[in-house]
$ cat structure-v1.cif   # mmCIF, C-alpha atoms
data_my_file
#
loop_
_atom_site.label_atom_id
_atom_site.label_comp_id
_atom_site.auth_asym_id
_atom_site.auth_seq_id
_atom_site.Cartn_x
_atom_site.Cartn_y
_atom_site.Cartn_z
CA MET E 1 11.90 0.63 -36.24
CA ALA E 2 11.84 -3.13 -35.73
CA ALA E 3 9.60 -4.96 -38.12
CA ALA E 4 7.95 -7.32 -35.64
CA THR E 5 7.90 -8.04 -31.97
CA GLY E 6 9.92 -11.14 -31.14
CA VAL E 7 8.26 -13.92 -29.13
CA LEU E 8 10.09 -16.97 -27.77
CA ALA E 9 8.59 -20.09 -26.22
CA SER E 10 10.33 -19.43 -22.94
CA ALA E 11 12.76 -16.95 -21.49
CA THR E 12 16.50 -17.49 -21.38
CA LEU E 13 17.06 -14.79 -18.85
CA ALA E 14 20.84 -14.83 -18.70
CA GLY E 15 20.93 -13.87 -22.35
CA CYS E 16 18.78 -10.74 -22.23
CA GLY E 17 18.91 -7.34 -20.60
CA GLY E 18 22.08 -5.56 -19.59
CA SER E 19 23.25 -3.14 -22.26
CA ALA E 20 20.52 -3.45 -24.85
CA PRO E 21 21.81 -3.69 -28.42
CA ARG E 22 20.71 -1.30 -31.11
CA GLY E 23 19.46 -2.42 -34.47
CA ALA E 24 20.65 -1.36 -37.88
CA HIS E 25 18.48 1.76 -37.76
CA GLY E 26 19.44 2.70 -34.20
CA ALA E 27 16.39 1.15 -32.56
CA MET E 28 16.68 0.54 -28.83
CA THR E 29 15.68 -2.98 -27.71
CA LEU E 30 13.68 -3.47 -24.52
CA TYR E 31 13.36 -6.98 -23.14
CA PHE E 32 9.90 -7.84 -21.81
CA GLN E 33 8.95 -10.99 -19.91
CA GLY E 34 5.18 -10.92 -19.64
CA ALA E 35 2.69 -13.43 -18.36
CA TYR E 36 1.67 -16.60 -20.21
CA GLU E 37 -0.28 -14.74 -22.92
CA PRO E 38 1.68 -14.82 -26.21
CA GLN E 39 -1.37 -13.65 -28.17
CA LEU E 40 -0.96 -10.19 -26.60
CA TYR E 41 2.70 -10.09 -27.59
CA THR E 42 1.85 -10.51 -31.26
CA THR E 43 -1.41 -8.52 -31.44
CA VAL E 44 -0.89 -5.58 -29.06
CA LEU E 45 2.83 -4.96 -28.58
CA PRO E 46 3.29 -3.84 -32.22
CA ALA E 47 1.02 -0.89 -31.38
CA PHE E 48 3.54 0.18 -28.74
CA GLU E 49 6.39 -0.01 -31.22
CA ALA E 50 4.37 1.97 -33.75
CA SER E 51 3.71 4.75 -31.24
CA HIS E 52 7.31 4.73 -29.93
CA PRO E 53 9.64 4.96 -32.95
CA GLY E 54 13.12 3.85 -32.04
CA ILE E 55 12.01 1.29 -29.44
CA HIS E 56 11.82 -2.41 -30.31
CA VAL E 57 10.35 -4.86 -27.79
CA SER E 58 11.78 -8.35 -27.58
CA ALA E 59 9.13 -10.35 -25.70
CA VAL E 60 9.59 -13.73 -24.06
CA LEU E 61 7.33 -16.07 -22.14
CA PRO E 62 8.29 -16.91 -18.55
CA PRO E 63 9.92 -20.21 -17.68
CA SER E 64 8.06 -22.71 -15.53
CA PRO E 65 6.42 -21.28 -12.37
CA SER E 66 8.61 -23.40 -10.11
CA THR E 67 11.82 -21.68 -11.28
CA ARG E 68 10.59 -18.41 -12.76
CA ASP E 69 11.36 -15.98 -9.95
CA THR E 70 14.62 -17.68 -8.99
CA GLN E 71 15.86 -17.40 -12.57
CA LEU E 72 14.85 -13.75 -12.70
CA ILE E 73 16.83 -12.90 -9.57
CA GLN E 74 19.82 -14.89 -10.78
CA ALA E 75 19.73 -12.93 -14.03
CA PHE E 76 19.49 -9.63 -12.16
CA VAL E 77 22.46 -10.56 -9.96
CA ALA E 78 24.42 -11.35 -13.14
CA GLY E 79 23.56 -7.94 -14.58
CA SER E 80 21.10 -9.32 -17.10
CA GLY E 81 17.37 -10.06 -17.17
CA PRO E 82 14.39 -8.31 -18.74
CA ASP E 83 13.83 -4.57 -18.50
CA VAL E 84 10.12 -5.01 -17.72
CA PHE E 85 8.61 -8.20 -16.34
CA TRP E 86 5.59 -9.84 -14.76
CA SER E 87 5.41 -11.82 -11.53
CA ASP E 88 2.83 -12.97 -8.98
CA ALA E 89 5.31 -13.22 -6.09
CA PRO E 90 6.30 -9.76 -4.81
CA TRP E 91 7.91 -11.32 -1.73
CA ALA E 92 10.47 -13.04 -3.95
CA PHE E 93 11.95 -9.63 -4.82
CA ALA E 94 11.57 -7.86 -1.47
CA ARG E 95 15.02 -8.82 -0.12
CA GLY E 96 17.16 -6.97 -2.60
CA PRO E 97 17.27 -3.92 -4.87
CA TRP E 98 15.90 -5.66 -7.96
CA LEU E 99 12.82 -3.53 -8.61
CA LEU E 100 12.73 0.13 -9.57
CA ASP E 101 10.79 2.38 -7.20
CA LEU E 102 8.13 3.92 -9.44
CA THR E 103 7.19 6.68 -7.02
CA PRO E 104 9.39 9.43 -8.58
CA LEU E 105 8.10 8.62 -12.08
CA VAL E 106 4.47 8.50 -10.90
CA GLN E 107 4.82 11.84 -9.15
CA ARG E 108 6.72 13.49 -11.99
CA ASP E 109 4.22 12.48 -14.67
CA GLY E 110 1.05 12.74 -12.57
CA TYR E 111 0.34 9.07 -13.27
CA ASP E 112 -3.17 8.18 -12.06
CA LEU E 113 -2.84 5.41 -9.48
CA ALA E 114 -6.50 5.92 -8.56
CA ALA E 115 -7.34 4.03 -11.76
CA PHE E 116 -6.47 0.86 -9.83
CA SER E 117 -8.00 -0.64 -6.72
CA ALA E 118 -6.20 0.82 -3.71
CA GLY E 119 -6.05 -2.62 -2.15
CA GLN E 120 -4.43 -4.15 -5.23
CA LEU E 121 -1.58 -1.63 -5.13
CA LEU E 122 -0.62 -2.90 -1.67
CA ALA E 123 0.99 -5.97 -3.27
CA THR E 124 4.05 -3.98 -4.36
CA GLU E 125 4.15 -1.17 -1.79
CA ARG E 126 7.23 -1.45 0.45
CA GLN E 127 8.64 1.01 2.95
CA GLY E 128 7.00 3.99 1.29
CA GLY E 129 7.89 2.96 -2.28
CA LEU E 130 5.84 1.51 -5.13
CA TYR E 131 7.62 -1.28 -7.02
CA GLY E 132 5.05 -2.50 -9.52
CA LEU E 133 1.68 -1.90 -11.17
CA PRO E 134 -1.08 -4.53 -11.06
CA ARG E 135 -1.78 -6.88 -13.93
CA THR E 136 -5.22 -7.98 -12.73
CA THR E 137 -7.62 -7.77 -9.82
CA ASN E 138 -9.28 -11.10 -9.10
CA PRO E 139 -11.82 -10.78 -6.27
CA SER E 140 -13.54 -13.70 -4.57
CA VAL E 141 -17.19 -14.07 -3.67
CA PHE E 142 -19.39 -16.96 -2.53
CA ALA E 143 -21.45 -19.31 -4.65
CA ALA E 144 -24.44 -20.59 -2.68
CA ARG E 145 -26.47 -23.72 -3.45
CA THR E 146 -30.03 -22.45 -3.54
CA ASP E 147 -31.45 -25.95 -3.01
CA ALA E 148 -29.53 -26.31 0.28
CA PHE E 149 -30.91 -22.99 1.45
CA ALA E 150 -34.43 -24.07 0.48
CA ARG E 151 -34.15 -27.40 2.32
CA ALA E 152 -32.89 -25.66 5.43
CA GLY E 153 -35.58 -22.99 5.24
CA VAL E 154 -32.94 -20.24 5.14
CA ALA E 155 -33.24 -17.10 3.02
CA LEU E 156 -30.30 -16.07 0.85
CA PRO E 157 -28.58 -12.99 2.30
CA GLN E 158 -29.73 -9.84 0.56
CA GLY E 159 -27.55 -6.77 0.07
CA THR E 160 -24.89 -6.11 2.67
CA TYR E 161 -24.81 -8.60 5.53
CA THR E 162 -22.43 -8.99 8.45
CA ALA E 163 -19.93 -11.64 9.53
CA ALA E 164 -22.21 -12.46 12.47
CA GLU E 165 -25.12 -12.98 10.09
CA LEU E 166 -22.95 -15.21 7.90
CA ALA E 167 -22.07 -17.33 10.93
CA ALA E 168 -25.77 -17.66 11.77
CA VAL E 169 -26.57 -18.74 8.20
CA TRP E 170 -23.81 -21.35 8.24
CA ARG E 171 -25.08 -22.78 11.52
CA LYS E 172 -28.54 -23.24 10.00
CA LEU E 173 -27.19 -24.75 6.78
CA SER E 174 -24.76 -27.20 8.38
CA VAL E 175 -25.73 -30.77 9.16
CA ARG E 176 -23.18 -32.46 11.39
CA GLY E 177 -21.32 -35.16 9.49
CA LYS E 178 -23.25 -34.50 6.27
CA ARG E 179 -22.98 -30.90 5.12
CA ALA E 180 -20.90 -27.86 6.01
CA GLY E 181 -22.50 -24.46 5.76
CA GLY E 182 -19.52 -22.71 4.21
CA GLU E 183 -15.85 -22.66 3.38
CA ILE E 184 -12.98 -20.70 4.94
CA ASN E 185 -9.47 -20.29 3.62
CA TRP E 186 -7.65 -20.43 6.95
CA SER E 187 -4.09 -20.29 5.61
CA PRO E 188 -1.89 -17.66 7.30
CA THR E 189 -1.55 -15.98 3.90
CA ALA E 190 -5.31 -15.38 3.61
CA THR E 191 -4.94 -12.00 5.26
CA TYR E 192 -8.04 -10.32 3.80
CA TYR E 193 -9.87 -11.72 6.85
CA LEU E 194 -7.47 -9.79 9.06
CA ARG E 195 -8.08 -6.67 6.98
CA GLY E 196 -11.80 -7.06 7.48
CA PHE E 197 -11.35 -7.19 11.22
CA GLY E 198 -8.98 -4.21 11.16
CA GLY E 199 -5.89 -6.33 11.81
CA HIS E 200 -2.66 -7.29 10.10
CA LEU E 201 -0.23 -10.17 9.82
CA VAL E 202 2.66 -7.91 8.76
CA ASP E 203 3.31 -4.51 10.31
CA PRO E 204 2.52 -2.00 7.50
CA ALA E 205 5.54 0.07 8.57
CA ASP E 206 8.00 -2.83 9.00
CA ASP E 207 7.91 -5.92 6.80
CA LEU E 208 10.19 -7.78 9.22
CA ARG E 209 7.66 -7.54 12.07
CA CYS E 210 4.63 -9.76 12.75
CA VAL E 211 1.66 -8.16 14.53
CA LEU E 212 -0.66 -11.13 14.97
CA ASP E 213 -0.77 -10.44 18.70
CA GLN E 214 -2.84 -7.26 18.22
CA PRO E 215 -6.50 -7.38 19.40
CA ALA E 216 -8.07 -7.14 15.93
CA ALA E 217 -5.99 -10.02 14.60
CA VAL E 218 -6.86 -12.18 17.62
CA ALA E 219 -10.56 -11.40 17.15
CA CYS E 220 -10.33 -12.50 13.52
CA GLY E 221 -8.56 -15.73 14.45
CA GLN E 222 -11.20 -16.46 17.06
CA TRP E 223 -14.00 -15.93 14.53
CA ILE E 224 -12.40 -18.47 12.19
CA TRP E 225 -11.78 -20.93 15.04
CA ASP E 226 -15.38 -20.66 16.22
CA ARG E 227 -16.73 -21.60 12.81
CA PHE E 228 -14.70 -24.83 12.89
CA TRP E 229 -15.01 -25.85 16.51
CA THR E 230 -17.79 -23.93 18.29
CA ASP E 231 -20.34 -24.12 15.46
CA ASP E 232 -18.93 -27.03 13.45
CA SER E 233 -20.41 -25.14 10.50
CA ALA E 234 -17.46 -24.58 8.14
CA ARG E 235 -14.83 -26.57 6.35
CA GLY E 236 -11.31 -25.35 5.68
CA LEU E 237 -10.01 -24.55 2.23
CA GLN E 238 -6.51 -25.99 2.32
CA GLY E 239 -5.65 -26.92 -1.24
CA GLN E 240 -8.80 -29.02 -1.56
CA ASN E 241 -11.39 -28.97 -4.32
CA GLY E 242 -14.24 -27.10 -2.68
CA TRP E 243 -16.33 -27.20 -5.82
CA ALA E 244 -16.30 -30.99 -5.86
CA THR E 245 -17.88 -31.09 -2.39
CA PHE E 246 -20.16 -28.22 -3.40
CA ALA E 247 -21.31 -30.28 -6.39
CA ALA E 248 -21.80 -33.33 -4.17
CA GLY E 249 -24.07 -31.33 -1.88
CA THR E 250 -21.83 -31.64 1.18
CA LEU E 251 -20.94 -27.93 1.10
CA ALA E 252 -23.61 -25.24 0.86
CA MET E 253 -21.41 -22.21 0.12
CA VAL E 254 -18.11 -22.23 -1.72
CA VAL E 255 -15.56 -19.53 -2.59
CA VAL E 256 -15.16 -18.59 -6.27
CA ASN E 257 -12.93 -15.96 -7.87
CA ALA E 258 -13.64 -13.98 -11.01
CA ALA E 259 -10.95 -15.61 -13.17
CA ALA E 260 -12.14 -19.14 -12.38
CA LEU E 261 -15.83 -18.38 -12.87
CA PRO E 262 -16.13 -19.18 -16.61
CA GLY E 263 -14.53 -22.62 -16.30
CA LEU E 264 -16.48 -23.55 -13.17
CA THR E 265 -19.73 -22.39 -14.75
CA LEU E 266 -19.21 -24.72 -17.68
CA LEU E 267 -18.09 -27.62 -15.49
CA TYR E 268 -20.99 -27.34 -13.05
CA ALA E 269 -23.66 -26.02 -15.39
CA ASN E 270 -26.47 -28.11 -13.89
CA LEU E 271 -26.05 -27.02 -10.26
CA PRO E 272 -28.60 -24.64 -8.72
CA TRP E 273 -26.41 -21.86 -7.34
CA ARG E 274 -26.28 -18.11 -6.95
CA LEU E 275 -23.45 -15.66 -6.35
CA LEU E 276 -23.23 -13.76 -3.07
CA PRO E 277 -20.73 -11.13 -1.93
CA PHE E 278 -18.50 -11.66 1.08
CA PRO E 279 -19.96 -10.15 4.26
CA ARG E 280 -19.14 -6.86 5.89
CA TRP E 281 -16.56 -7.84 8.48
CA PRO E 282 -16.35 -5.97 11.82
CA ALA E 283 -14.01 -3.26 10.46
CA GLY E 284 -15.36 -3.15 6.90
CA GLN E 285 -15.62 -5.14 3.70
CA ALA E 286 -12.67 -7.14 2.40
CA THR E 287 -12.04 -9.92 -0.09
CA SER E 288 -9.00 -11.63 -1.53
CA THR E 289 -7.19 -10.93 -4.77
CA THR E 290 -3.96 -11.98 -6.42
CA SER E 291 -0.53 -10.33 -6.14
CA GLU E 292 0.19 -10.19 -9.89
CA PHE E 293 2.15 -7.18 -11.11
CA TYR E 294 4.42 -5.75 -13.80
CA ALA E 295 7.68 -4.14 -12.69
CA ILE E 296 10.84 -2.51 -14.02
CA HIS E 297 14.24 -4.00 -13.27
CA ALA E 298 16.16 -1.42 -11.23
CA GLY E 299 19.27 -2.12 -13.31
CA THR E 300 17.75 -1.35 -16.70
CA PRO E 301 19.93 1.00 -18.76
CA HIS E 302 16.75 2.37 -20.38
CA ARG E 303 14.64 3.58 -17.48
CA GLU E 304 12.49 6.07 -19.39
CA ALA E 305 11.73 3.65 -22.21
CA ALA E 306 10.95 0.90 -19.70
CA TRP E 307 8.56 3.27 -17.90
CA GLU E 308 6.78 3.87 -21.22
CA LEU E 309 6.46 0.11 -21.76
CA LEU E 310 5.23 -0.49 -18.21
CA GLN E 311 2.52 2.10 -18.70
CA PHE E 312 1.51 0.42 -21.96
CA VAL E 313 1.20 -3.13 -20.53
CA THR E 314 -1.00 -1.78 -17.73
CA SER E 315 -3.02 0.50 -20.02
CA THR E 316 -6.69 0.41 -20.97
CA GLN E 317 -5.71 -0.83 -24.44
CA TRP E 318 -3.72 -3.76 -23.06
CA GLU E 319 -6.35 -4.71 -20.49
CA ASN E 320 -9.16 -4.57 -23.04
CA ALA E 321 -7.13 -6.98 -25.18
CA SER E 322 -6.65 -9.22 -22.12
CA ILE E 323 -10.41 -9.28 -21.56
CA ALA E 324 -11.05 -10.07 -25.22
CA THR E 325 -8.49 -12.87 -25.50
CA ALA E 326 -8.50 -14.49 -22.07
CA LEU E 327 -11.41 -13.02 -20.05
CA LEU E 328 -8.79 -11.74 -17.61
CA PRO E 329 -10.34 -9.64 -14.83
CA PRO E 330 -8.99 -6.09 -15.20
CA ALA E 331 -6.84 -4.21 -12.74
CA ARG E 332 -8.36 -0.91 -13.85
CA ARG E 333 -11.55 -0.15 -11.99
CA ALA E 334 -13.25 1.52 -14.95
CA LEU E 335 -12.99 -1.64 -17.08
CA TRP E 336 -15.11 -3.86 -14.84
CA PRO E 337 -18.36 -3.14 -16.73
CA ALA E 338 -16.62 -4.23 -19.96
CA PHE E 339 -15.31 -7.38 -18.28
CA LEU E 340 -18.74 -8.30 -16.89
CA ALA E 341 -20.34 -7.63 -20.28
CA ALA E 342 -17.83 -9.99 -21.90
CA LEU E 343 -18.59 -12.63 -19.25
CA ARG E 344 -22.32 -12.40 -19.90
CA GLN E 345 -21.83 -12.61 -23.66
CA ARG E 346 -19.34 -15.49 -23.71
CA VAL E 347 -20.55 -17.60 -20.76
CA PRO E 348 -24.29 -18.22 -21.28
CA GLY E 349 -24.51 -20.21 -18.05
CA LEU E 350 -24.12 -16.97 -16.09
CA ALA E 351 -27.46 -15.60 -17.29
CA GLY E 352 -29.32 -14.15 -14.33
CA GLN E 353 -26.34 -14.20 -11.99
CA PRO E 354 -25.65 -10.92 -10.11
CA LEU E 355 -22.13 -10.46 -11.52
CA ASP E 356 -21.88 -6.99 -10.02
CA VAL E 357 -20.94 -8.67 -6.72
CA PHE E 358 -17.47 -9.09 -8.24
CA ALA E 359 -17.14 -5.49 -9.43
CA SER E 360 -17.99 -3.74 -6.17
CA ALA E 361 -14.78 -4.86 -4.41
CA PRO E 362 -12.21 -3.57 -6.93
CA GLN E 363 -14.25 -0.49 -7.76
CA GLU E 364 -14.60 0.49 -4.10
CA GLY E 365 -11.06 -0.52 -3.15
CA TRP E 366 -11.48 -3.44 -0.75
CA THR E 367 -9.68 -6.21 -2.62
CA TYR E 368 -6.60 -7.24 -0.64
CA PRO E 369 -3.62 -9.34 -1.76
CA PRO E 370 -1.83 -11.49 0.84
CA GLU E 371 0.35 -9.59 3.28
CA THR E 372 3.92 -10.87 3.01
CA PHE E 373 7.15 -10.54 4.94
CA ARG E 374 10.47 -9.60 3.42
CA TYR E 375 11.68 -13.16 4.08
CA GLN E 376 8.40 -14.93 3.48
CA SER E 377 9.77 -18.48 3.57
CA ALA E 378 11.37 -17.86 6.97
CA ALA E 379 8.09 -16.50 8.28
CA LEU E 380 6.02 -19.40 6.94
CA ALA E 381 8.41 -21.94 8.47
CA VAL E 382 7.35 -20.55 11.85
CA LEU E 383 3.75 -19.73 11.03
CA ASN E 384 2.55 -22.94 9.40
CA PRO E 385 3.13 -25.52 12.17
CA THR E 386 1.67 -23.28 14.88
CA TRP E 387 -1.22 -22.33 12.61
CA GLN E 388 -2.02 -26.03 12.25
CA ARG E 389 -1.96 -26.46 16.03
CA ILE E 390 -4.37 -23.56 16.49
CA PHE E 391 -6.94 -24.35 13.83
CA ALA E 392 -6.61 -28.06 13.06
CA GLY E 393 -7.31 -29.24 16.61
CA ALA E 394 -10.19 -28.24 18.85
CA HIS E 395 -8.09 -27.50 21.92
CA ALA E 396 -4.49 -27.89 20.76
CA LEU E 397 -3.60 -24.22 21.23
CA PRO E 398 -6.00 -21.33 21.98
CA VAL E 399 -6.04 -18.55 19.41
CA ALA E 400 -4.98 -15.73 21.74
CA ARG E 401 -2.10 -17.68 23.21
CA GLY E 402 -0.99 -19.02 19.82
CA PHE E 403 -1.04 -15.61 18.16
CA ALA E 404 0.78 -14.03 21.11
CA ALA E 405 3.55 -16.63 20.70
CA LEU E 406 3.68 -16.36 16.91
CA ALA E 407 4.21 -12.61 16.68
CA PRO E 408 7.63 -12.46 18.41
CA ALA E 409 8.71 -15.82 16.96
CA VAL E 410 8.02 -14.76 13.36
CA THR E 411 9.63 -11.37 13.96
CA ALA E 412 12.74 -13.06 15.35
CA ALA E 413 12.91 -15.40 12.34
CA GLU E 414 12.60 -12.46 9.94
CA ARG E 415 15.29 -10.42 11.65
CA GLN E 416 17.58 -13.41 11.79
CA ALA E 417 17.10 -14.01 8.06
CA ALA E 418 17.80 -10.35 7.37
CA ALA E 419 21.00 -10.44 9.39
CA ALA E 420 22.20 -13.63 7.74
CA THR E 421 21.50 -12.72 4.13
CA ALA E 422 24.34 -11.82 1.83
CA LEU E 423 22.06 -10.07 -0.64
CA PRO E 424 22.57 -6.32 -1.09
CA GLY E 425 19.99 -4.37 0.87
CA GLY E 426 19.07 -7.42 2.97
#
$ encode --input "structure-v1.cif" --output "structure tokens"
Amino acid sequence: MAAATGVLASATLAGCGGSAPRGAHGAMTLYFQGAYEPQLYTTVLPAFEASHPGIHVSAVLPPSPSTRDTQLIQAFVAGSGPDVFWSDAPWAFARGPWLLDLTPLVQRDGYDLAAFSAGQLLATERQGGLYGLPRTTNPSVFAARTDAFARAGVALPQGTYTAAELAAVWRKLSVRGKRAGGEINWSPTATYYLRGFGGHLVDPADDLRCVLDQPAAVACGQWIWDRFWTDDSARGLQGQNGWATFAAGTLAMVVVNAAALPGLTLLYANLPWRLLPFPRWPAGQATSTTSEFYAIHAGTPHREAAWELLQFVTSTQWENASIATALLPPARRALWPAFLAALRQRVPGLAGQPLDVFASAPQEGWTYPPETFRYQSAALAVLNPTWQRIFAGAHALPVARGFAALAPAVTAAERQAAAATALPGG
């Protein structure tokens, strides 16, 4: 048994993995590259070692985000790399056989996937396989300035309200040239809108095929376009600081996610605002979440031990520690009451806020990560410029015509990338 879990400042991926060495007492070494949370490595991982005699975990922090996934794949190609690792970019690993399909292990052991939000699991589902388990579920809701509602004589939405009712509220709140009613993330990767309308960006059965030309997707795009150009009631969230304009009073409703809530609450403590859920879209409720996951390297020589470790770093014990140390929103649905209780206790500025608006989405299964193609960069190279033409100009390109052109163009780019790749399984 190893005496202590090893933690390094950053991962040197080429030097770990492969045929794991054994210690003086025959202990197997598993290499683990987690998220940026070293406190969990030192306080929680020893419990895994204690309950798994003969397994030592050597834990490392990831390198910088800009090179992290590239270095991982390079290490995997070289026959090295961690046995179990974290990432927030499932598309980076979709082109090759780097991740172990967990489906046989889940089925064999009766592992309870229902403990997680069904939507969150979509991040690592590919072609009938499951290639990772979620690290967190981070739903978004609206924060609404109550003073703006009062000045406009508009009542805050109560309970479940519809997308049409949201549009009507934004029209009443907006003042041309002075204040936008609300905020929309109109990036092509913000696909929870499409989910809410019953549409998709990526064909669920073929991650090389774009299906933006389907009626539900077109209807969603038209709803977004109308808020910008028919109503002039919304502003676009495109890497801008929505909370700064919210604080300035030029935006009445802003998007906020659960992980960012404590910091924003402290920063904007004096603003009169209240949390509201996203609306019920035409096909049902939907909100965004992250794509963060833990996975097993398909080339690990210690598959069973790695499976034990993966279960541990996605366990109730690990997630409770994540809540305690970093207020990380849990992936497990049953832990949301504990997370919200911790928020209320540690962030006094949230007193009186209806925090349950965050919990309903993961608990009921309508948090959705971005839909991604197998060759995401190739798809975005086609999507982004046309997306700008559709939504950034009033009459540059109609939604229906733009989406009809994008679907075959993105599909062609994906298939071309697949044919050209030299990666195994590409």
$ atom_distance --input "structure-v1.cif" --atom1 "atom CA of E:Ala392" --atom2 "atom CA of E:Asp207"
27.2 Å
$ resolve_selection --input "structure-v1.cif" --expression "the PyMOL selection byres ((chain E and resi 205) around 9)" --output "PDB file with C-alpha atoms, keeping the file's coordinate frame"
ATOM      1  CA  ARG E 126       7.230  -1.450   0.450  1.00  0.00           C
ATOM      2  CA  GLN E 127       8.640   1.010   2.950  1.00  0.00           C
ATOM      3  CA  GLY E 128       7.000   3.990   1.290  1.00  0.00           C
ATOM      4  CA  VAL E 202       2.660  -7.910   8.760  1.00  0.00           C
ATOM      5  CA  ASP E 203       3.310  -4.510  10.310  1.00  0.00           C
ATOM      6  CA  PRO E 204       2.520  -2.000   7.500  1.00  0.00           C
ATOM      7  CA  ASP E 206       8.000  -2.830   9.000  1.00  0.00           C
ATOM      8  CA  ASP E 207       7.910  -5.920   6.800  1.00  0.00           C
ATOM      9  CA  ARG E 209       7.660  -7.540  12.070  1.00  0.00           C
TER      10      ARG E 209
END
$ resolve_selection --input "structure-v1.cif" --expression "the PyMOL selection byres ((chain E and resi 334) around 9)" --output "PyMOL selection string"
chain E and resi 115-116+316+330-333+335-338+363
$ residues_around --input "structure-v1.cif" --residues "E:Gln39" --least-positions-apart "5" --cutoff "10 Å" --atoms "all atoms listed in the file" --output "PyMOL selection string"
chain E and resi 7+44-45+321-322+325-326
$ write_last_selection --input "structure-v1.cif" --atoms "C-alpha atoms" --output "tab-separated table (two decimals), keeping the file's coordinate frame"
chain	number	residue	atom	x	y	z
E	7	VAL	CA	8.26	-13.92	-29.13
E	44	VAL	CA	-0.89	-5.58	-29.06
E	45	LEU	CA	2.83	-4.96	-28.58
E	321	ALA	CA	-7.13	-6.98	-25.18
E	322	SER	CA	-6.65	-9.22	-22.12
E	325	THR	CA	-8.49	-12.87	-25.50
E	326	ALA	CA	-8.50	-14.49	-22.07
$ resolve_selection --input "structure-v1.cif" --expression "the PyMOL selection byres ((chain E and resi 110-114) around 12)" --output "PyMOL selection string"
chain E and resi 102-109+115-122+130+132-134+307-308+310-311+314-315+331-334+362-365
$ closest_residue --input "structure-v1.cif" --among "E:Lys172, E:Arg346, E:Lys178, E:Arg135" --to "E:Phe246" --atoms "all atoms listed in the file"
E:Lys178
$ residues_around --input "structure-v1.cif" --residues "E:Tyr31" --least-positions-apart "6" --cutoff "8 Å" --atoms "all atoms listed in the file" --output "list in words"
Cys16, Gly17, Val57, Ser58, Ala59, Val60, Gly81, Pro82, Asp83 and Val84 of chain E
$ residues_around --input "structure-v1.cif" --residues "stretch 382-389 of chain E" --least-positions-apart "4" --cutoff "10 Å" --atoms "only C-alpha atoms" --output "VMD selection string"
chain E and resid 186 to 189 377 to 378 393 to 399 402 to 403 405 to 407 409 to 414
$ closest_residue --input "structure-v1.cif" --among "E:Ala341, E:Val77, E:Trp86, E:Arg303" --to "E:Pro63" --atoms "all atoms listed in the file"
E:Trp86
$ atom_distance --input "structure-v1.cif" --atom1 "atom CA of E:Ala180" --atom2 "atom CA of E:Leu251"
4.9 Å
$ closest_residue --input "structure-v1.cif" --among "E:Trp170, E:Phe48, E:Trp229, E:Tyr268" --to "E:Ala247" --atoms "only C-alpha atoms"
E:Tyr268
$ atom_distance --input "structure-v1.cif" --atom1 "atom CA of E:Phe391" --atom2 "atom CA of E:Gln285"
23.4 Å
$ residues_near_point --input "structure-v1.cif" --point "(-21.9, -23.3, 19.4)" --cutoff "12 Å" --atoms "all atoms listed in the file" --output "list in words"
Ala167, Ala168, Trp170, Arg171, Lys172, Trp223, Trp225, Asp226, Arg227, Phe228, Trp229, Thr230, Asp231, Asp232 and Ser233 of chain E
$ closest_residue --input "structure-v1.cif" --among "E:Leu271, E:Ala298, E:Ala234, E:Cys220" --to "E:Trp98" --atoms "all atoms listed in the file"
E:Ala298
$ residues_around --input "structure-v1.cif" --residues "E:Trp91" --least-positions-apart "6" --cutoff "7 Å" --atoms "only C-alpha atoms" --output "compact mmCIF listing (two decimals) with C-alpha atoms, in the frame of the given file"
# COMPACT_ATOMS: atom_id res chain seq x y z
CA THR E 372 3.92 -10.87 3.01
CA PHE E 373 7.15 -10.54 4.94
CA ARG E 374 10.47 -9.60 3.42
CA GLN E 376 8.40 -14.93 3.48
